[in-house]
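Structure file structure16.tsv; described as TSV, C-alpha atoms.
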chain	number	residue	atom	x	y	z
C	1	MET	CA	115.02	93.96	129.22
C	2	ARG	CA	112.56	91.06	129.49
C	3	LYS	CA	110.70	90.09	126.37
C	4	TYR	CA	107.09	90.44	127.45
C	5	GLU	CA	107.37	93.55	129.62
C	6	VAL	CA	107.76	96.04	126.77
C	7	SER	CA	105.46	96.54	123.76
C	8	ASP	CA	106.69	96.98	120.20
C	9	SER	CA	105.77	100.67	120.35
C	10	GLN	CA	107.81	101.15	123.50
C	11	LEU	CA	110.77	99.36	121.94
C	12	ILE	CA	110.56	101.64	118.92
C	13	SER	CA	110.59	104.68	121.20
C	14	LEU	CA	113.62	103.32	123.08
C	15	TYR	CA	115.40	102.66	119.80
C	16	LYS	CA	114.67	106.17	118.56
C	17	ASN	CA	116.38	107.42	121.73
C	18	GLY	CA	119.54	105.45	121.00
C	19	ASN	CA	118.86	102.11	122.67
C	20	GLU	CA	120.28	99.57	120.20
C	21	ASP	CA	119.23	96.66	122.45
C	22	ALA	CA	115.62	97.67	121.89
C	23	PHE	CA	115.93	97.09	118.15
C	24	ALA	CA	117.74	93.79	118.73
C	25	GLU	CA	114.75	92.73	120.82
C	26	LEU	CA	112.33	93.71	118.03
C	27	VAL	CA	114.34	91.67	115.53
C	28	SER	CA	114.46	88.67	117.86
C	29	ARG	CA	110.75	88.93	118.64
C	30	HIS	CA	109.56	88.91	115.02
C	31	LYS	CA	112.39	87.40	112.96
C	32	ASN	CA	110.82	83.96	112.48
C	33	LYS	CA	107.45	85.39	111.42
C	34	ILE	CA	109.04	87.80	108.92
C	35	PHE	CA	111.37	85.13	107.54
C	36	THR	CA	108.41	82.78	107.01
C	37	THR	CA	106.49	85.50	105.16
C	38	ILE	CA	109.41	85.95	102.77
C	39	TYR	CA	110.25	82.26	102.41
C	40	MET	CA	106.69	81.32	101.47
C	41	ILE	CA	107.02	83.65	98.48
C	42	VAL	CA	110.61	83.07	97.29
C	43	LYS	CA	110.99	79.41	98.43
C	44	ASP	CA	114.77	79.86	98.70
C	45	HIS	CA	116.43	79.92	102.14
C	46	ASP	CA	119.47	82.02	101.22
C	47	LEU	CA	117.41	84.51	99.23
C	48	ALA	CA	114.91	84.75	102.08
C	49	GLU	CA	117.79	85.51	104.50
C	50	ASP	CA	119.07	88.24	102.17
C	51	LEU	CA	115.61	89.80	101.85
C	52	LEU	CA	115.14	89.58	105.62
C	53	GLN	CA	118.30	91.62	106.12
C	54	GLU	CA	117.14	94.09	103.46
C	55	THR	CA	113.80	94.36	105.26
C	56	TYR	CA	115.46	95.36	108.52
C	57	VAL	CA	117.72	97.84	106.72
C	58	LYS	CA	114.57	99.54	105.41
C	59	VAL	CA	113.05	99.45	108.89
C	60	VAL	CA	116.14	101.08	110.43
C	61	ASN	CA	116.25	103.78	107.74
C	62	THR	CA	112.55	104.56	108.12
C	63	VAL	CA	112.63	104.71	111.92
C	64	LYS	CA	115.85	106.75	112.11
C	65	SER	CA	114.56	109.25	109.56
C	66	GLY	CA	111.45	109.82	111.68
C	67	ARG	CA	109.07	108.47	109.02
C	68	TYR	CA	107.72	105.58	111.09
C	69	ASN	CA	104.25	106.50	112.36
C	70	GLU	CA	102.34	103.23	112.69
C	71	GLU	CA	102.14	103.10	116.46
C	72	GLY	CA	101.18	99.66	117.77
C	73	LYS	CA	101.30	98.09	114.31
C	74	PHE	CA	104.96	97.24	113.99
C	75	LEU	CA	104.62	93.60	112.89
C	76	PRO	CA	102.04	94.20	110.10
C	77	TRP	CA	104.16	97.12	108.88
C	78	VAL	CA	107.39	95.09	108.76
C	79	SER	CA	105.54	92.14	107.21
C	80	ARG	CA	104.32	94.43	104.41
C	81	ILE	CA	107.87	95.67	103.77
C	82	ALA	CA	109.12	92.08	103.59
C	83	HIS	CA	106.22	91.05	101.38
C	84	ASN	CA	106.85	93.92	98.94
C	85	LEU	CA	110.58	93.21	98.76
C	86	ALA	CA	109.89	89.57	97.91
C	87	ILE	CA	107.47	90.58	95.15
C	88	ASP	CA	109.89	93.21	93.85
C	89	HIS	CA	112.54	90.52	93.55
C	90	PHE	CA	110.37	88.69	91.02
C	91	ARG	CA	109.55	91.89	89.15
C	92	LYS	CA	113.25	92.67	88.75
C	93	ALA	CA	113.94	89.10	87.64
C	94	LYS	CA	111.51	89.76	84.75
C	95	ARG	CA	110.08	86.27	84.88
C	96	TYR	CA	107.44	85.66	82.25
C	97	PRO	CA	104.31	84.01	83.57
C	98	THR	CA	102.11	81.45	81.90
C	99	ILE	CA	98.73	83.01	82.56
C	100	VAL	CA	95.72	80.79	81.96
C	101	MET	CA	92.49	82.64	81.26
C	102	GLU	CA	89.02	81.74	82.49
C	103	ASP	CA	88.29	79.59	79.43
C	104	GLY	CA	91.57	77.70	79.73
C	105	SER	CA	93.35	79.58	76.93
C	106	ASN	CA	96.91	80.66	77.54
C	107	VAL	CA	97.96	84.29	77.24
C	108	PHE	CA	101.22	83.10	75.73
C	109	ASN	CA	102.37	79.86	74.21
C	110	SER	CA	104.95	78.55	76.68
C	111	LEU	CA	106.83	76.50	74.07
C	112	GLU	CA	110.16	77.94	72.95
C	113	PHE	CA	111.34	77.07	69.45
C	114	SER	CA	115.04	76.92	68.65
C	115	GLU	CA	114.42	78.36	65.19
C	116	GLU	CA	112.45	81.33	66.46
C	117	SER	CA	113.22	84.34	64.31
C	118	ILE	CA	114.53	87.64	65.64
C	119	GLU	CA	111.24	89.25	64.65
C	120	ASP	CA	109.21	86.62	66.51
C	121	ARG	CA	111.37	87.01	69.58
C	122	GLN	CA	110.97	90.80	69.48
C	123	ILE	CA	107.20	90.49	69.17
C	124	LYS	CA	107.17	88.13	72.15
C	125	GLU	CA	109.35	90.50	74.21
C	126	ASP	CA	107.12	93.45	73.32
C	127	THR	CA	103.97	91.53	74.20
C	128	HIS	CA	105.41	90.40	77.53
C	129	ALA	CA	106.33	94.01	78.28
C	130	LEU	CA	102.77	95.10	77.46
C	131	LEU	CA	101.39	92.34	79.67
C	132	ARG	CA	103.47	93.59	82.60
C	133	GLU	CA	102.09	97.08	82.05
C	134	LEU	CA	98.50	95.78	81.95
C	135	ILE	CA	99.08	93.81	85.15
C	136	LYS	CA	100.31	96.99	86.85
C	137	GLU	CA	96.93	98.58	86.10
C	138	LEU	CA	94.99	95.91	88.03
C	139	PRO	CA	93.73	96.71	91.55
C	140	ASP	CA	96.42	95.95	94.15
C	141	SER	CA	94.71	92.87	95.60
C	142	GLN	CA	94.14	91.35	92.15
C	143	ARG	CA	97.65	92.13	90.90
C	144	GLU	CA	99.13	90.61	94.04
C	145	VAL	CA	97.33	87.26	93.77
C	146	LEU	CA	97.97	87.02	90.01
C	147	MET	CA	101.70	87.57	90.48
C	148	MET	CA	101.89	85.08	93.33
C	149	ARG	CA	100.01	82.44	91.36
C	150	HIS	CA	101.56	82.82	87.92
C	151	TYR	CA	104.95	84.44	88.49
C	152	MET	CA	105.77	82.59	91.70
C	153	GLN	CA	103.77	79.38	91.23
C	154	MET	CA	102.30	79.65	94.73
C	155	SER	CA	99.31	77.50	95.67
C	156	PHE	CA	96.06	79.22	96.64
C	157	GLN	CA	96.57	77.88	100.16
C	158	GLU	CA	99.96	79.64	100.34
C	159	ILE	CA	98.51	82.82	98.83
C	160	ALA	CA	95.70	82.80	101.40
C	161	GLU	CA	98.21	82.42	104.26
C	162	VAL	CA	100.60	85.10	103.03
C	163	THR	CA	97.87	87.66	102.32
C	164	ASP	CA	95.85	86.70	105.42
C	165	VAL	CA	92.57	86.01	103.58
C	166	SER	CA	90.44	82.91	103.01
C	167	ILE	CA	91.14	80.60	100.07
C	168	ASN	CA	87.76	81.58	98.59
C	169	THR	CA	88.76	85.25	98.72
C	170	ALA	CA	92.08	84.48	97.03
C	171	LEU	CA	90.29	82.48	94.34
C	172	GLY	CA	87.79	85.29	93.82
C	173	ARG	CA	90.55	87.88	93.44
C	174	MET	CA	92.28	85.64	90.90
C	175	ARG	CA	89.09	85.23	88.92
C	176	TYR	CA	88.46	88.98	88.75
C	177	ALA	CA	92.12	89.62	87.89
C	178	LEU	CA	91.85	87.29	84.88
C	179	ILE	CA	88.53	88.82	83.80
C	180	ASN	CA	89.97	92.34	84.01
C	181	LEU	CA	93.16	91.31	82.23
C	182	ARG	CA	91.17	89.68	79.43
C	183	LYS	CA	89.09	92.86	79.01
C	184	LYS	CA	92.21	95.02	78.84
C	185	MET	CA	93.81	92.69	76.29
C	186	ASP	CA	90.68	92.54	74.16
C	187	LYS	CA	90.40	96.33	74.27
C	188	MET	CA	93.98	96.70	73.03
C	189	ASN	CA	93.54	93.86	70.54
C	190	VAL	CA	96.38	91.85	72.09
C	191	ALA	CA	96.51	88.32	70.66
C	192	TYR	CA	96.80	85.48	73.13
C	193	ASP	CA	97.44	81.83	72.53
C	194	LYS	CA	94.29	79.73	72.18
C	195	ASN	CA	95.88	76.40	73.04
C	196	ILE	CA	94.65	74.98	76.30
C	197	TYR	CA	97.19	74.21	79.02
C	198	PRO	CA	96.42	72.83	82.44
C	199	GLU	CA	96.84	75.31	85.28
Show this structure as structure tokens.
Amino acid sequence: MRKYEVSDSQLISLYKNGNEDAFAELVSRHKNKIFTTIYMIVKDHDLAEDLLQETYVKVVNTVKSGRYNEEGKFLPWVSRIAHNLAIDHFRKAKRYPTIVMEDGSNVFNSLEFSEESIEDRQIKEDTHALLRELIKELPDSQREVLMMRHYMQMSFQEIAEVTDVSINTALGRMRYALINLRKKMDKMNVAYDKNIYPE
């Protein structure tokens, strides 16, 4: 089977009919692109390799169960699976972001004090949990860029490349995400730190 004679859709059809070589060709054809998508988010080679394998496990399960129906759009579909797995990794890690609002104020004070009381720690945990819930309520595109910027410390250039938009669009989504988050926090009377930290 020569690489450029068969389309992704045809390879999928062959694989559905039991041709394992067809899937091996799909993996070979797109592996570098998918790995790069993951690596740009997690910035860890071994973790990216693990998530790449997990991506293809999901692909196999979806195709074999007959749920794959994106004819001719295999690469964008797999890229989205990989992208979501990378983001889910950070959600499960429960990393707490330092989110800087439009006026430069921090949502949370990033300093940790050794003599922090149990009550203070509980309040902080509760507030972080509430923040995660508020972030979930943001529109998908805004939530995505906010998580990439503040949870994953990605540059706007990297965010633009991963999400396939211009830097200006990424910046705009970030701005609206912060505005919406501020409104939600004000509405719920959530206190945020007023000290100014550089982004």
inquiry  = Please determine, counting all atoms listed in the file, which residue among C:Asp21, C:Ala170, C:Ser79, C:Lys183 has the shortest atom-to-atom distance to C:Met154.
reply    = C:Ala170
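With distances taken over all atoms listed in the file, C:His83 is the one residue among C:His128, C:Lys92, C:Lys31, C:His83 lying closest to C:Glu144.
Comparing the minimum interatomic distances between C:Leu26 and each of C:Tyr176, C:Phe156, C:Tyr151, C:Tyr56, counting all atoms listed in the file, we find that C:Tyr56 sits nearest.
The two atoms in question, atom CA of C:Asp8 and atom CA of C:Leu52, are spaced 18.4 Å apart.
Compared by their closest atoms to C:Ile34, and using all atoms listed in the file, the residues C:Ala82, C:Met174, C:Ala22, C:Leu146 rank with C:Ala82 nearest.
With all atoms listed in the file as the atoms that count, the minimum distance from C:Arg29 to the choices C:Leu75, C:Thr55, C:Val42, C:Ile12 is reached by C:Leu75.
Atom CA of C:Ile167 to atom CA of C:Lys33 spans 20.4 Å [interatomic distance, one decimal].
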List every protein, DNA or RNA residue that has an atom no more than 10 Å from (116.5, 91.3, 105.3) in the file's coordinate frame, counting only C-alpha atoms, and report them as a PDB file with C-alpha atoms, in the coordinates of the input.
ATOM      1  CA  LYS C  31     112.390  87.400 112.960  1.00  0.00           C
ATOM      2  CA  ILE C  34     109.040  87.800 108.920  1.00  0.00           C
ATOM      3  CA  PHE C  35     111.370  85.130 107.540  1.00  0.00           C
ATOM      4  CA  ILE C  38     109.410  85.950 102.770  1.00  0.00           C
ATOM      5  CA  LEU C  47     117.410  84.510  99.230  1.00  0.00           C
ATOM      6  CA  ALA C  48     114.910  84.750 102.080  1.00  0.00           C
ATOM      7  CA  GLU C  49     117.790  85.510 104.500  1.00  0.00           C
ATOM      8  CA  ASP C  50     119.070  88.240 102.170  1.00  0.00           C
ATOM      9  CA  LEU C  51     115.610  89.800 101.850  1.00  0.00           C
ATOM     10  CA  LEU C  52     115.140  89.580 105.620  1.00  0.00           C
ATOM     11  CA  GLN C  53     118.300  91.620 106.120  1.00  0.00           C
ATOM     12  CA  GLU C  54     117.140  94.090 103.460  1.00  0.00           C
ATOM     13  CA  THR C  55     113.800  94.360 105.260  1.00  0.00           C
ATOM     14  CA  TYR C  56     115.460  95.360 108.520  1.00  0.00           C
ATOM     15  CA  VAL C  57     117.720  97.840 106.720  1.00  0.00           C
ATOM     16  CA  LYS C  58     114.570  99.540 105.410  1.00  0.00           C
ATOM     17  CA  VAL C  59     113.050  99.450 108.890  1.00  0.00           C
ATOM     18  CA  ILE C  81     107.870  95.670 103.770  1.00  0.00           C
ATOM     19  CA  ALA C  82     109.120  92.080 103.590  1.00  0.00           C
ATOM     20  CA  LEU C  85     110.580  93.210  98.760  1.00  0.00           C
TER      21      LEU C  85
END
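Candidate residues C:Lys16, C:Arg80, C:His30, C:Lys43 were compared for distance to C:Thr163, and the nearest is C:Arg80, using all atoms listed in the file.
If you look at atom CA of C:Gln157 and atom CA of C:Arg182, they are 24.5 Å away from each other.
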